[in-house]
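Peer 1: If you scroll down you'll find the structure; I have some questions about it.
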Amino acid sequence: MDLAVKDVERHLGKFAATIVGVGALLAIVLIMNGIYRGNIGDGVWLIDHIHPDLGVVERDRGGPFNEQSRLPEDAYKSVAATPGVAEASPFITYAVQRQVGNSSQQFTVIGYNVFGGLGGPGRLVAGRAIERAHYEMVADEKLGLALGQEVRLGVHDYTVVGLTKGAVDSGGNPLVYLSLADAQEVLYQQDNRAIEAQCAASLKTLEKAGYLPAQAKKLLPLVAPATDTVSAVLVRLAPGADARQVTRRIEDWLYYNVYATAQERDLMLQGRLRKMTAILGLFRSLLVVVSIVIIALLVYVLTIEKIRAIATLKLMGASNWVIVRLILEQSLVLTVASFAFAYAAVHLTYESFPRTLVFVPTETLLTFVAMFVGGGAREPARHLARAAHPALARLGG
Amino acid sequence: MAIVKVERLKKVFGGGELAVTALEDIDFSVEAGELMALLGPSGSGKSTLLLCISLILEPTAGVIAMNGREVYHDGRTGIDGRRFRRENIGFVFQAQNLIPFLTATDNIALAVTLNGARDTAAQKRARELLDYLEVGHRADALPALLSGGEQQRVAIGRALANEPPLVLVDEPTSALDAERGMKVMALLKRVAKERRSAVIVVTHNGRMIAGFDSVYRLRDGRLANDAKA
């Protein structure tokens, strides 16, 4: 006779409610696992996806993904002329918050040479790549845009010609791809009043420097801020080229910083992502511990509820194994069923989450094992069952 | 031969100045088929005596013999207490000590399976006992759905499940009204006579012991000199 099964049969509603409750808690643990991995995945997605052989950025900068970097647009020509470089493409990236449809959304703009340059969107889930020099865009479906839809950025409307899935920046915000010129325009173009204010400020500066108003007006174009900068130059090496040698040449000759993809990745993981990853990791560990404690407490309460039945069993001469089996079976059923509930719930709903959730099978398995082997925490319940004195059974209820 | 023989039994709780003597110089024996009443006021040591006989509480001194074999002798016991209870003793305590999540049948069958029988045989035995105790129609009911009298019958069935030579019954009527209490006592008499079990019934209610073979009175842990009725 399986006492655990009999008990569950008699208290099916209560047991099911407990499983749902514990399952919800475990679902949060799994979601936190997913957020933890998703944070890392999102953080390095762009780096991994673009995957140039080398990335050239402003001197002493950790950019273009970790830190702001500004290079003159034509820097790619000097880089392309460096021995060992097969291809060099200008690349710009920056974050914006703009009105898209009915809501204000944060996204990152990627500008690249749409005619065969590096840094483009790659595989699309709908539509086509940008084929015209202006006013076309590829957006991630997370923005909620449809093919053919027009989006106003700055002073122009851009038509969505392609959609990506899962293209996000290090903060998990969706990406929008534009031609390099369009991306620079969106970044730098100002409306008339802003331009007037900028001119007035520049004129004042020149006049303070001793120029007459007429002279200052003529010099104005020379002091206007540059609008043709890029964040980086992406490099594809020639076959057989030594990356270290090419790096040294660019750094020495052109006075830029050069990073390989792996270095960019490390910079991201050790820089921008480190603190958030640590916080999420801490929360994840705490949640696992809290879950184990709650499961152990539930098992303890289930045991206390049965303490007189256990005492009666001892009085009847039941062995310790019969009693421990009753508790262990129930706690294992509780753990396994709760985890199954959590797993199913999370996998049916994770795509609706605002952040990317990434589930690593080995981590999910380890979480399950942690809950399952949380048996160490079930020891108080087992101890209670062992300690229950059979004399307790004779007490009136 | 006596089913149970107790000599010079003593039980002391605690030690030093705080020591409390619960039982002192207890001597009695019970034969097969004998129905024995153990009377006494609350706190006189009746339940302690039952717990000592069943080796749930270890006596401080004395001798307990079961079917002629010493199971306890002045602090020495060479037996496995649980196995001893499983094979030799049936217990009936106050109401509400049935396993609450098992049906009447399963409560009795459990005792049989604990003694090594297969499930089907245990279920058959349980049904037979329920019929014998006239609660066969409540075989599939949970304890919470049984009346106090029905619960006691099921508890008696469980105590008899392995046909033990000794049945210990502690205050079986305390949770019952007088009429149901009398019925339970009558049933215990029937069990003793028909099944040849030695039955020791602890009670504080002297009106319930008509027809018992022997009556012992316990006061302050000692049996009265003129104990045997």
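Convention: chains lettered A, B, ... in structure tokens order; per-chain residue numbering from 1; ligands numbered from 1 as shown.
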Taking the chain letters and numbering used in this document, name the residues of range 119-343 of chain A that DSSP puts in strand (DSSP E or B), as a PyMOL selection string.
Peer 2: chain A and resi 126-127+136-140+150-153+156-164+168+174-179+229-230+232-237+257-259
Peer 1: Export C-alpha atoms of the chosen residues as an mmCIF file, in the first residue's frame?
Peer 2:
```cif
data_model
loop_
_atom_site.group_PDB
_atom_site.id
_atom_site.type_symbol
_atom_site.label_atom_id
_atom_site.label_comp_id
_atom_site.auth_asym_id
_atom_site.auth_seq_id
_atom_site.Cartn_x
_atom_site.Cartn_y
_atom_site.Cartn_z
ATOM 1 C CA ALA A 126 10.266 39.205 -43.758
ATOM 2 C CA GLY A 127 10.833 41.614 -46.615
ATOM 3 C CA GLU A 136 14.441 52.709 -46.421
ATOM 4 C CA MET A 137 14.803 50.897 -43.157
ATOM 5 C CA VAL A 138 14.988 47.378 -41.726
ATOM 6 C CA ALA A 139 13.541 47.097 -38.229
ATOM 7 C CA ASP A 140 13.277 44.393 -35.623
ATOM 8 C CA GLU A 150 6.367 54.594 -42.835
ATOM 9 C CA VAL A 151 8.146 55.906 -39.760
ATOM 10 C CA ARG A 152 9.143 59.513 -39.255
ATOM 11 C CA LEU A 153 12.720 59.928 -38.035
ATOM 12 C CA HIS A 156 12.037 62.375 -43.242
ATOM 13 C CA ASP A 157 9.761 59.351 -43.488
ATOM 14 C CA TYR A 158 11.421 55.950 -43.771
ATOM 15 C CA THR A 159 9.707 52.923 -45.263
ATOM 16 C CA VAL A 160 10.067 49.555 -43.542
ATOM 17 C CA VAL A 161 11.326 47.151 -46.221
ATOM 18 C CA GLY A 162 12.521 44.288 -44.014
ATOM 19 C CA LEU A 163 12.027 42.782 -40.562
ATOM 20 C CA THR A 164 14.461 41.003 -38.275
ATOM 21 C CA VAL A 168 18.702 43.857 -30.111
ATOM 22 C CA PRO A 174 15.353 46.588 -30.868
ATOM 23 C CA LEU A 175 17.622 47.604 -33.750
ATOM 24 C CA VAL A 176 16.752 49.756 -36.751
ATOM 25 C CA TYR A 177 19.047 49.562 -39.762
ATOM 26 C CA LEU A 178 19.476 52.578 -42.051
ATOM 27 C CA SER A 179 21.915 53.509 -44.757
ATOM 28 C CA THR A 229 31.432 61.024 -38.312
ATOM 29 C CA VAL A 230 31.062 57.290 -37.735
ATOM 30 C CA ALA A 232 33.787 52.595 -36.025
ATOM 31 C CA VAL A 233 35.311 51.053 -39.089
ATOM 32 C CA LEU A 234 34.630 47.349 -39.468
ATOM 33 C CA VAL A 235 37.419 45.345 -41.021
ATOM 34 C CA ARG A 236 37.552 42.060 -42.902
ATOM 35 C CA LEU A 237 41.088 40.762 -43.164
ATOM 36 C CA ASN A 257 42.239 51.584 -31.226
ATOM 37 C CA VAL A 258 41.579 48.173 -32.731
ATOM 38 C CA TYR A 259 39.650 45.301 -31.199
#
```
Peer 1: Quick one: which chain B residues come within 8 Å of chain A, and what is the nearest atom pair for each with the distance in Å to one decimal, counting only C-alpha atoms, rows ordered by chain and ascending number, as CSV?
Peer 2:
```
residue,atom,partner,partner_atom,distance
B:Leu51,CA,A:Ala391,CA,7.2
B:Ile56,CA,A:Ala391,CA,6.8
B:Gly81,CA,A:Gly317,CA,7.8
B:Arg82,CA,A:Gly317,CA,4.2
B:Arg83,CA,A:Gly317,CA,5.8
B:Phe84,CA,A:Gly317,CA,7.7
B:Arg85,CA,A:Gly317,CA,5.7
B:Arg86,CA,A:Gly317,CA,4.6
B:Gly90,CA,A:Met316,CA,7.6
B:Phe91,CA,A:Met316,CA,7.6
B:Phe93,CA,A:Arg394,CA,5.5
B:Gln94,CA,A:Gly396,CA,5.7
B:Ala95,CA,A:Gly396,CA,6.8
B:Gln96,CA,A:Gly397,CA,6.0
B:Asn97,CA,A:Ala393,CA,6.2
B:Leu98,CA,A:Ala309,CA,7.4
B:Ile99,CA,A:Ala309,CA,5.3
B:Pro100,CA,A:Ala309,CA,7.4
B:Phe101,CA,A:Asp7,CA,5.4
B:Leu102,CA,A:Lys6,CA,6.8
B:Leu110,CA,A:Met1,CA,7.0
B:Ala111,CA,A:Met316,CA,6.8
B:Thr113,CA,A:Met1,CA,7.3
B:Leu114,CA,A:Ala318,CA,6.1
B:Asp119,CA,A:Met1,CA,6.5
B:Asp170,CA,A:Arg394,CA,7.7
```
Peer 1: Please, what distance in Å, to one decimal, runs between CA of Ser78 in chain A and CA of Arg61 in chain A?
Peer 2: 18.8 Å
Peer 1: I'd like the interatomic distance between CA of Gly120 in chain A and CA of Leu180 in chain A, to a tenth of an Å.
Peer 2: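 These atoms are spaced 10.5 Å apart.
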Peer 1: Range 143-160 of chain B: which residues within 10 Å, counting only C-alpha atoms, same-chain residues fewer than 5 positions away excluded, as a short mmCIF file (atom, residue, chain, number, x, y, z; two decimals) with C-alpha atoms, in the first residue's frame?
Peer 2:
```
data_model
loop_
_atom_site.label_atom_id
_atom_site.label_comp_id
_atom_site.auth_asym_id
_atom_site.auth_seq_id
_atom_site.Cartn_x
_atom_site.Cartn_y
_atom_site.Cartn_z
CA MET A 316 1.51 -0.28 14.76
CA ARG B 86 3.53 -5.55 15.13
CA ILE B 89 0.00 -6.41 20.27
CA GLY B 90 -3.09 -4.73 18.92
CA PHE B 91 -3.87 -1.21 20.09
CA VAL B 92 -7.16 0.56 20.50
CA PHE B 93 -6.89 4.08 21.81
CA GLN B 94 -9.26 6.97 22.05
CA ALA B 95 -11.12 7.91 18.88
CA GLN B 96 -9.40 9.83 16.09
CA ASN B 97 -6.28 7.73 15.89
CA LEU B 98 -7.19 6.13 12.59
CA ILE B 99 -5.03 7.24 9.66
CA PRO B 100 -7.22 10.07 8.34
CA PHE B 101 -6.44 9.67 4.64
CA LEU B 102 -7.16 5.93 4.53
CA THR B 103 -10.59 4.34 4.25
CA ALA B 104 -11.86 2.00 6.95
CA THR B 105 -10.71 -0.97 4.87
CA ASP B 106 -7.30 0.52 4.18
CA ASN B 107 -6.76 1.37 7.86
CA ILE B 108 -7.14 -2.30 8.73
CA ALA B 109 -5.37 -3.59 5.60
CA LEU B 110 -2.39 -1.36 6.41
CA ALA B 111 -1.78 -3.26 9.66
CA VAL B 112 -1.83 -6.53 7.72
CA ARG B 125 -8.81 -9.75 5.71
CA ALA B 126 -9.89 -6.16 6.34
CA ARG B 127 -13.32 -6.74 4.76
CA GLU B 128 -13.81 -9.87 6.85
CA LEU B 129 -13.02 -7.98 10.04
CA LEU B 130 -15.30 -5.08 9.13
CA ASP B 131 -18.13 -7.54 8.55
CA TYR B 132 -17.33 -9.29 11.85
CA LEU B 133 -17.46 -5.91 13.63
CA GLU B 134 -20.70 -5.04 11.83
CA VAL B 135 -19.33 -2.03 9.97
CA GLY B 136 -18.88 -3.72 6.60
CA ARG B 138 -18.79 1.60 5.89
CA PRO B 165 -2.31 -12.55 21.46
CA LEU B 166 -2.65 -9.25 23.36
CA VAL B 167 -4.96 -6.30 22.74
CA LEU B 168 -4.38 -3.06 24.69
CA VAL B 169 -7.31 -0.72 24.86
CA PRO B 172 -12.15 3.36 24.41
CA THR B 173 -15.35 5.01 25.55
CA ALA B 175 -15.26 9.99 23.23
CA LEU B 176 -18.54 8.06 23.10
CA ASP B 177 -21.93 8.44 24.72
CA GLU B 179 -24.97 3.67 24.82
CA ARG B 180 -22.21 3.52 22.22
CA GLY B 181 -19.65 3.02 25.00
CA LYS B 183 -21.66 -1.46 22.73
CA VAL B 184 -17.90 -1.07 22.30
CA LEU B 187 -17.66 -5.97 21.41
CA LEU B 188 -14.37 -6.20 23.31
CA VAL B 191 -13.34 -10.39 20.86
CA ARG B 195 -10.72 -14.89 19.34
CA SER B 197 -7.02 -12.71 22.81
#
```
Peer 1: How far is it from CA of Phe368 in chain A to CA of Ala345 in chain A, in Å with one decimal?
Peer 2: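 Going from CA of Phe368 in chain A over to CA of Ala345 in chain A, I get 15.1 Å.
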Peer 1: Can you tell me, as a PyMOL selection string, what residues are no more than 12 Å from Glu73 in chain A when counting only C-alpha atoms, ignoring any on the same chain fewer than 5 positions away?
Peer 2: chain A and resi 56-58+78-79+88-92+111-113+180-181+184+226-234
Peer 1: Store the residues of this selection in a file with N, CA and C atoms, as a short mmCIF file (atom, residue, chain, number, x, y, z; two decimals), in the first residue's frame.
Peer 2:
```
data_model
loop_
_atom_site.label_atom_id
_atom_site.label_comp_id
_atom_site.auth_asym_id
_atom_site.auth_seq_id
_atom_site.Cartn_x
_atom_site.Cartn_y
_atom_site.Cartn_z
N VAL A 56 37.69 49.07 -35.69
CA VAL A 56 38.59 50.21 -35.47
C VAL A 56 37.78 51.33 -34.85
N VAL A 57 38.25 51.86 -33.72
CA VAL A 57 37.50 52.91 -33.02
C VAL A 57 38.45 54.05 -32.64
N GLU A 58 37.86 55.10 -32.10
CA GLU A 58 38.63 56.26 -31.67
C GLU A 58 39.68 55.82 -30.64
N SER A 78 41.59 55.08 -45.12
CA SER A 78 42.96 54.85 -44.62
C SER A 78 43.09 53.42 -44.11
N VAL A 79 42.03 52.96 -43.42
CA VAL A 79 42.08 51.59 -42.89
C VAL A 79 42.13 50.59 -44.03
N ALA A 88 37.07 47.41 -45.59
CA ALA A 88 36.83 48.27 -44.42
C ALA A 88 35.55 49.05 -44.67
N SER A 89 34.63 48.99 -43.67
CA SER A 89 33.32 49.62 -43.84
C SER A 89 33.05 50.58 -42.71
N PRO A 90 32.56 51.78 -43.02
CA PRO A 90 32.16 52.69 -41.95
C PRO A 90 30.88 52.17 -41.28
N PHE A 91 30.75 52.46 -40.03
CA PHE A 91 29.65 51.89 -39.24
C PHE A 91 29.28 52.88 -38.14
N ILE A 92 28.01 53.12 -37.97
CA ILE A 92 27.60 54.05 -36.91
C ILE A 92 26.48 53.40 -36.09
N GLY A 111 23.80 52.35 -38.70
CA GLY A 111 24.01 52.85 -40.06
C GLY A 111 25.19 52.14 -40.69
N TYR A 112 25.03 51.66 -41.91
CA TYR A 112 26.11 50.90 -42.56
C TYR A 112 26.05 51.14 -44.07
N ASN A 113 27.08 50.74 -44.70
CA ASN A 113 27.13 50.86 -46.17
C ASN A 113 26.22 49.80 -46.76
N LEU A 180 24.08 54.42 -44.12
CA LEU A 180 24.97 55.24 -43.31
C LEU A 180 24.58 56.72 -43.37
N ALA A 181 24.32 57.21 -44.57
CA ALA A 181 23.99 58.63 -44.73
C ALA A 181 22.70 58.97 -43.98
N GLN A 184 23.36 59.04 -40.24
CA GLN A 184 24.05 60.28 -39.84
C GLN A 184 23.07 61.45 -39.85
N ALA A 226 30.90 68.74 -37.11
CA ALA A 226 30.96 67.73 -38.18
C ALA A 226 29.75 66.82 -38.08
N THR A 227 29.17 66.50 -39.23
CA THR A 227 28.01 65.59 -39.25
C THR A 227 28.30 64.35 -40.09
N ASP A 228 29.57 64.13 -40.37
CA ASP A 228 29.90 62.96 -41.19
C ASP A 228 30.81 62.01 -40.42
N THR A 229 30.61 61.95 -39.10
CA THR A 229 31.43 61.02 -38.31
C THR A 229 30.77 59.64 -38.27
N VAL A 230 31.59 58.65 -37.93
CA VAL A 230 31.06 57.29 -37.74
C VAL A 230 31.54 56.77 -36.37
N SER A 231 30.97 55.69 -35.93
CA SER A 231 31.37 55.13 -34.63
C SER A 231 32.60 54.24 -34.76
N ALA A 232 32.68 53.54 -35.87
CA ALA A 232 33.79 52.60 -36.03
C ALA A 232 33.98 52.27 -37.50
N VAL A 233 35.09 51.62 -37.76
CA VAL A 233 35.31 51.05 -39.09
C VAL A 233 35.44 49.55 -38.89
N LEU A 234 34.60 48.81 -39.59
CA LEU A 234 34.63 47.35 -39.47
C LEU A 234 35.55 46.79 -40.53
#
```
Peer 1: Considering only C-alpha atoms, return as a list in words whatever protein or nucleic-acid residues lie within 6 Å of Leu9 in chain B, sequence-local ones (same chain, fewer than 6 positions apart) excluded.
Peer 2: Asp25, Ile26, Ala61 and Gly62 of chain B
Peer 1: Show me, as a compact mmCIF listing (two decimals) with N, CA and C atoms, in the first residue's frame, the residues that have an atom within 9 Å of Glu194 in chain B when counting only C-alpha atoms, minus same-chain residues fewer than 4 positions from it.
Peer 2:
```
# COMPACT_ATOMS: atom_id res chain seq x y z
N GLY B 33 -7.84 -15.06 26.27
CA GLY B 33 -9.30 -14.98 26.36
C GLY B 33 -9.78 -14.21 27.57
N LYS B 189 -15.59 -7.70 24.79
CA LYS B 189 -15.83 -8.98 25.48
C LYS B 189 -15.93 -10.10 24.45
N ARG B 190 -16.65 -9.81 23.35
CA ARG B 190 -16.83 -10.81 22.30
C ARG B 190 -15.47 -11.19 21.67
```
Peer 1: Would you pick out the contacts of range 10-24 of chain B at 6 Å or less, using only C-alpha atoms, so that residues sharing its chain but fewer than 3 positions from it are not included, and give the list as a list of chain:residue names?
Peer 2: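 Using only C-alpha atoms, the neighbours found are B:Gly45, B:Pro59, B:Thr60, B:Ala61, B:Gly221, B:Arg222.
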